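A.B. asks: What follows is the file target05.cif, containing mmCIF, C-alpha atoms:
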```cif
data_entry
#
loop_
_atom_site.group_PDB
_atom_site.id
_atom_site.type_symbol
_atom_site.label_atom_id
_atom_site.label_comp_id
_atom_site.auth_asym_id
_atom_site.auth_seq_id
_atom_site.Cartn_x
_atom_site.Cartn_y
_atom_site.Cartn_z
ATOM 1 C CA MET L 1 -94.899 -93.316 83.218
ATOM 2 C CA PRO L 2 -91.406 -91.993 82.353
ATOM 3 C CA LEU L 3 -88.547 -93.815 83.983
ATOM 4 C CA LYS L 4 -85.516 -92.118 85.502
ATOM 5 C CA PRO L 5 -82.069 -92.842 84.066
ATOM 6 C CA VAL L 6 -80.347 -95.578 86.003
ATOM 7 C CA ALA L 7 -76.908 -95.579 87.555
ATOM 8 C CA ILE L 8 -75.627 -99.118 87.873
ATOM 9 C CA ARG L 9 -73.059 -98.467 90.549
ATOM 10 C CA PHE L 10 -70.831 -100.755 92.548
ATOM 11 C CA ASP L 11 -68.476 -100.004 95.430
ATOM 12 C CA VAL L 12 -65.142 -101.414 94.231
ATOM 13 C CA SER L 13 -62.970 -99.468 96.676
ATOM 14 C CA ILE L 14 -61.638 -102.765 98.032
ATOM 15 C CA LEU L 15 -60.270 -103.570 94.568
ATOM 16 C CA THR L 16 -58.660 -100.172 94.093
ATOM 17 C CA LYS L 17 -56.405 -100.840 97.104
ATOM 18 C CA SER L 18 -55.842 -104.557 96.449
ATOM 19 C CA PRO L 19 -52.816 -106.237 94.870
ATOM 20 C CA LEU L 20 -52.849 -107.217 91.192
ATOM 21 C CA GLY L 21 -54.982 -110.278 90.432
ATOM 22 C CA PHE L 22 -57.498 -109.696 93.235
ATOM 23 C CA SER L 23 -61.052 -110.124 91.909
ATOM 24 C CA LEU L 24 -64.654 -109.471 92.804
ATOM 25 C CA THR L 25 -67.946 -110.679 91.306
ATOM 26 C CA LEU L 26 -70.597 -108.039 90.591
ATOM 27 C CA ASP L 27 -74.217 -109.095 90.079
ATOM 28 C CA VAL L 28 -76.323 -106.842 87.851
ATOM 29 C CA ASP L 29 -80.064 -107.193 88.442
ATOM 30 C CA THR L 30 -82.209 -104.145 87.822
ATOM 31 C CA GLY L 31 -85.167 -102.946 85.792
ATOM 32 C CA PRO L 32 -87.287 -101.517 84.345
ATOM 33 C CA GLU L 33 -84.993 -98.550 83.791
ATOM 34 C CA THR L 34 -83.653 -96.232 81.140
ATOM 35 C CA LEU L 35 -80.065 -95.942 80.043
ATOM 36 C CA THR L 36 -80.333 -92.303 78.955
ATOM 37 C CA ASP L 37 -82.168 -92.902 75.643
ATOM 38 C CA LEU L 38 -82.774 -96.665 75.871
ATOM 39 C CA ARG L 39 -85.739 -98.162 77.700
ATOM 40 C CA VAL L 40 -84.883 -101.567 79.178
ATOM 41 C CA ASN L 41 -87.247 -103.948 80.945
ATOM 42 C CA PHE L 42 -84.387 -105.525 82.880
ATOM 43 C CA LEU L 43 -80.619 -105.851 83.086
ATOM 44 C CA ARG L 44 -79.288 -109.131 84.494
ATOM 45 C CA GLY L 45 -75.847 -110.619 84.487
ATOM 46 C CA THR L 46 -72.634 -111.383 86.289
ATOM 47 C CA ILE L 47 -69.493 -109.316 85.858
ATOM 48 C CA HIS L 48 -66.043 -110.316 87.113
ATOM 49 C CA ALA L 49 -63.815 -107.390 88.088
ATOM 50 C CA VAL L 50 -60.080 -108.124 88.301
ATOM 51 C CA ARG L 51 -57.414 -105.711 89.543
ATOM 52 C CA ILE L 52 -54.799 -105.209 86.838
ATOM 53 C CA ARG L 53 -51.959 -102.715 86.456
ATOM 54 C CA GLU L 54 -54.028 -100.322 84.293
ATOM 55 C CA GLY L 55 -57.089 -100.420 86.576
ATOM 56 C CA LEU L 56 -59.984 -102.886 86.721
ATOM 57 C CA LEU L 57 -60.724 -105.410 83.994
ATOM 58 C CA LEU L 58 -64.456 -106.104 83.769
ATOM 59 C CA GLN L 59 -65.601 -109.258 81.963
ATOM 60 C CA GLY L 60 -69.021 -110.859 81.776
ATOM 61 C CA THR L 61 -72.381 -111.046 80.066
ATOM 62 C CA VAL L 62 -75.453 -108.912 80.658
ATOM 63 C CA HIS L 63 -78.874 -109.899 79.314
ATOM 64 C CA SER L 64 -81.581 -107.365 78.678
ATOM 65 C CA GLN L 65 -84.909 -106.814 76.981
ATOM 66 C CA LEU L 66 -85.395 -103.507 75.188
ATOM 67 C CA GLU L 67 -88.540 -101.718 74.104
ATOM 68 C CA LEU L 68 -87.987 -100.768 70.452
ATOM 69 C CA GLU L 69 -90.127 -99.397 67.635
ATOM 70 C CA CYS L 70 -90.495 -101.430 64.427
ATOM 71 C CA VAL L 71 -89.251 -99.496 61.391
ATOM 72 C CA ARG L 72 -92.030 -100.883 59.174
ATOM 73 C CA CYS L 73 -95.215 -100.738 61.258
ATOM 74 C CA LEU L 74 -94.076 -98.312 64.017
ATOM 75 C CA GLU L 75 -95.433 -100.622 66.746
ATOM 76 C CA HIS L 76 -93.459 -101.057 69.959
ATOM 77 C CA PHE L 77 -92.044 -104.519 70.637
ATOM 78 C CA LEU L 78 -89.678 -106.282 73.038
ATOM 79 C CA PHE L 79 -86.216 -107.127 71.723
ATOM 80 C CA PRO L 80 -83.973 -109.510 73.710
ATOM 81 C CA VAL L 81 -80.270 -108.696 73.741
ATOM 82 C CA ALA L 82 -77.159 -110.147 75.385
ATOM 83 C CA VAL L 83 -73.936 -108.157 75.524
ATOM 84 C CA GLU L 84 -70.489 -109.551 76.193
ATOM 85 C CA LEU L 85 -68.399 -107.101 78.195
ATOM 86 C CA GLU L 86 -64.628 -106.851 78.360
ATOM 87 C CA GLU L 87 -63.502 -103.382 79.340
ATOM 88 C CA ILE L 88 -60.872 -101.711 81.487
ATOM 89 C CA PHE L 89 -61.916 -99.054 84.008
ATOM 90 C CA TRP L 90 -59.080 -96.715 84.875
ATOM 91 C CA ILE L 91 -58.335 -96.176 88.577
ATOM 92 C CA PRO L 92 -57.068 -92.720 89.588
ATOM 93 C CA GLY L 93 -53.401 -92.978 90.493
ATOM 94 C CA SER L 94 -52.726 -96.055 88.343
ATOM 95 C CA GLY L 95 -50.752 -94.188 85.688
ATOM 96 C CA PRO L 96 -51.745 -91.829 82.904
ATOM 97 C CA ARG L 97 -55.418 -91.871 82.023
ATOM 98 C CA PRO L 98 -56.064 -93.195 78.498
ATOM 99 C CA GLU L 99 -58.236 -90.970 76.335
ATOM 100 C CA GLY L 100 -61.909 -92.004 76.428
ATOM 101 C CA ALA L 101 -61.361 -94.479 79.266
ATOM 102 C CA TYR L 102 -64.091 -95.402 81.716
ATOM 103 C CA VAL L 103 -63.146 -94.285 85.210
ATOM 104 C CA VAL L 104 -63.612 -95.536 88.762
ATOM 105 C CA SER L 105 -64.444 -92.527 90.942
ATOM 106 C CA ASP L 106 -61.972 -91.235 93.530
ATOM 107 C CA SER L 107 -64.202 -92.703 96.260
ATOM 108 C CA GLY L 108 -64.094 -96.179 94.654
ATOM 109 C CA TRP L 109 -67.480 -96.281 92.892
ATOM 110 C CA LEU L 110 -67.836 -97.797 89.434
ATOM 111 C CA ASP L 111 -70.824 -96.771 87.272
ATOM 112 C CA MET L 112 -71.502 -99.347 84.546
ATOM 113 C CA ALA L 113 -74.460 -97.501 82.966
ATOM 114 C CA PRO L 114 -72.412 -95.660 80.268
ATOM 115 C CA LEU L 115 -70.626 -98.884 79.270
ATOM 116 C CA LEU L 116 -73.866 -100.894 79.131
ATOM 117 C CA ARG L 117 -75.632 -98.168 77.142
ATOM 118 C CA GLU L 118 -72.827 -98.114 74.587
ATOM 119 C CA GLN L 119 -72.673 -101.904 74.232
ATOM 120 C CA ILE L 120 -76.456 -102.295 73.977
ATOM 121 C CA TRP L 121 -76.643 -99.627 71.248
ATOM 122 C CA VAL L 122 -74.088 -101.619 69.259
ATOM 123 C CA ALA L 123 -76.215 -104.783 69.647
ATOM 124 C CA ILE L 124 -79.415 -103.181 68.269
ATOM 125 C CA PRO L 125 -80.005 -103.875 64.568
ATOM 126 C CA MET L 126 -79.951 -100.837 62.261
ATOM 127 C CA LYS L 127 -83.554 -101.514 61.224
ATOM 128 C CA PRO L 128 -85.358 -103.280 64.075
ATOM 129 C CA LEU L 129 -88.404 -105.311 63.011
ATOM 130 C CA CYS L 130 -91.163 -106.584 65.279
ATOM 131 C CA ARG L 131 -91.038 -109.811 63.247
ATOM 132 C CA PRO L 132 -89.267 -110.842 60.028
ATOM 133 C CA ASP L 133 -92.475 -110.901 57.983
ATOM 134 C CA CYS L 134 -93.792 -107.502 59.143
ATOM 135 C CA LYS L 135 -96.030 -106.041 56.413
ATOM 136 C CA GLY L 136 -95.635 -102.445 57.547
ATOM 137 C CA LEU L 137 -98.048 -99.584 56.927
ATOM 138 C CA CYS L 138 -100.211 -98.844 53.890
ATOM 139 C CA PRO L 139 -98.505 -96.026 51.965
ATOM 140 C CA ASN L 140 -101.892 -94.411 51.233
ATOM 141 C CA CYS L 141 -103.931 -94.550 54.434
ATOM 142 C CA GLY L 142 -101.298 -95.561 57.027
ATOM 143 C CA ALA L 143 -103.174 -98.645 58.283
ATOM 144 C CA ASN L 144 -101.098 -101.365 59.931
ATOM 145 C CA LEU L 145 -101.179 -104.173 57.359
ATOM 146 C CA ASN L 146 -100.258 -106.749 60.032
ATOM 147 C CA LEU L 147 -103.768 -106.310 61.440
ATOM 148 C CA GLY L 148 -105.458 -106.943 58.095
ATOM 149 C CA PRO L 149 -105.918 -105.383 54.660
ATOM 150 C CA CYS L 150 -106.913 -101.756 54.374
ATOM 151 C CA GLU L 151 -109.711 -100.265 52.258
ATOM 152 C CA CYS L 152 -107.408 -98.591 49.717
ATOM 153 C CA GLU L 153 -107.558 -99.331 45.989
ATOM 154 C CA THR L 154 -105.092 -102.118 45.289
ATOM 155 C CA THR L 155 -104.504 -101.627 41.576
ATOM 156 C CA ASP L 156 -100.958 -100.503 41.053
ATOM 157 C CA VAL L 157 -100.424 -98.032 38.248
ATOM 158 C CA ASP L 158 -97.003 -97.299 36.856
ATOM 159 C CA PRO L 159 -96.365 -93.659 37.859
ATOM 160 C CA ARG L 160 -95.215 -92.922 34.309
ATOM 161 C CA LEU L 161 -98.672 -93.928 33.023
ATOM 162 C CA ALA L 162 -100.710 -92.243 35.778
ATOM 163 C CA ALA L 163 -101.437 -89.231 33.537
ATOM 164 C CA LEU L 164 -102.963 -91.531 30.897
ATOM 165 C CA LYS L 165 -105.173 -93.183 33.522
ATOM 166 C CA ALA L 166 -106.428 -89.795 34.618
ATOM 167 C CA MET L 167 -107.506 -89.007 31.024
ATOM 168 C CA LEU L 168 -109.580 -92.204 30.825
#
```
How would this structure read if it were set down as structure tokens?
C.D. replies:
Amino acid sequence: MPLKPVAIRFDVSILTKSPLGFSLTLDVDTGPETLTDLRVNFLRGTIHAVRIREGLLLQGTVHSQLELECVRCLEHFLFPVAVELEEIFWIPGSGPRPEGAYVVSDSGWLDMAPLLREQIWVAIPMKPLCRPDCKGLCPNCGANLNLGPCECETTDVDPRLAALKAML
């Protein structure tokens, strides 16, 4: 069943009108969801939002479990990830908006989904493996070698000598 993209939103309007140094604790607890192109089983963590001159400083840790595909055997597996967050969300009216900044809406809502998606993508290894000793797929028949040997011929022939083997 396809999941709908999640919006992890918090009403921080009280912080947008508060003096500098005022803080609020935001609890993230959701799942299973998708963050656009990432499928997550859960998102859990605690984020501290502090009012600063430039906007809101968000700091905290969010734990998650992603559904990834192994690059060797193409099987889906669960990958635990923890992301440390430290980001400033710009508040309208708090000075010039920095280019590429995350923004608190005019009505005081903060959506953390784009930030979490970006940070989780950075935490995913370039070549995710279901396990370190994954044997992958047979290059001839495509069988998953983690499940057992395939029925293919196992004699390796140097490709430069393959023509000679064909003559014999």
A.B. asks: With all atoms listed in the file as the counted atoms, please give the residues lying no more than 12 Å from range 127-135 of chain L, apart from itself and same-chain residues fewer than 4 positions off, as a VMD selection string.
C.D. replies: chain L and resid 66 to 80 121 123 139 142 to 150
A.B. asks: Between L:Glu86, L:Glu118, L:Asp29, L:Asp37, which residue has the minimum interatomic distance to Ser64 in chain L, considering all atoms listed in the file?
C.D. replies: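 Closest to Ser64 in chain L of all the choices is L:Asp29.
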A.B. asks: Residue by residue, what does the PyMOL selection byres ((chain L and resi 109) around 9) grab here? Present the result as JSON, numbers by chain.
C.D. replies: {"L": [9, 10, 11, 12, 13, 104, 105, 106, 107, 108, 110, 111]}
A.B. asks: Running the PyMOL selection byres ((chain L and resi 57) around 12) on this model by hand, what would come out? Give it as a ChimeraX atom specification.
C.D. replies: /L:12,15-16,20-25,47-56,58-60,85-91,101-104,110
A.B. asks: What does the distance from CA of Leu116 in chain L to CA of Pro32 in chain L come to in Å, to one decimal?
C.D. replies: 14.4 Å
A.B. asks: Rounded to one decimal, what separation in Å do you get between CA of Gly93 in chain L and CA of Asp27 in chain L?
C.D. replies: 26.3 Å
A.B. asks: In Å, with one decimal, what is the gap from CA of Gly45 in chain L to CA of Lys17 in chain L?
C.D. replies: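 Distance reported for this atom pair: 25.2 Å.
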A.B. asks: Find the residue from L:Leu35, L:Val81, L:Val28, L:Leu43 that sits nearest to Ile124 in chain L; use all atoms listed in the file when measuring.
C.D. replies: L:Val81
A.B. asks: Axis-aligned box over every listed atom of range 53-62 of chain L, padded by 4 Å per side: centre and edges in Å to one decimal, as lines of an AutoDock Vina configuration file?
C.D. replies:
```
center_x = -63.7
center_y = -105.7
center_z = 83.4
size_x = 31.5
size_y = 18.7
size_z = 14.7
```
A.B. asks: Which one is closest to Glu84 in chain L: L:Phe42, L:Thr61, L:Glu153, L:Gly100? Count all atoms listed in the file.
C.D. replies: L:Thr61
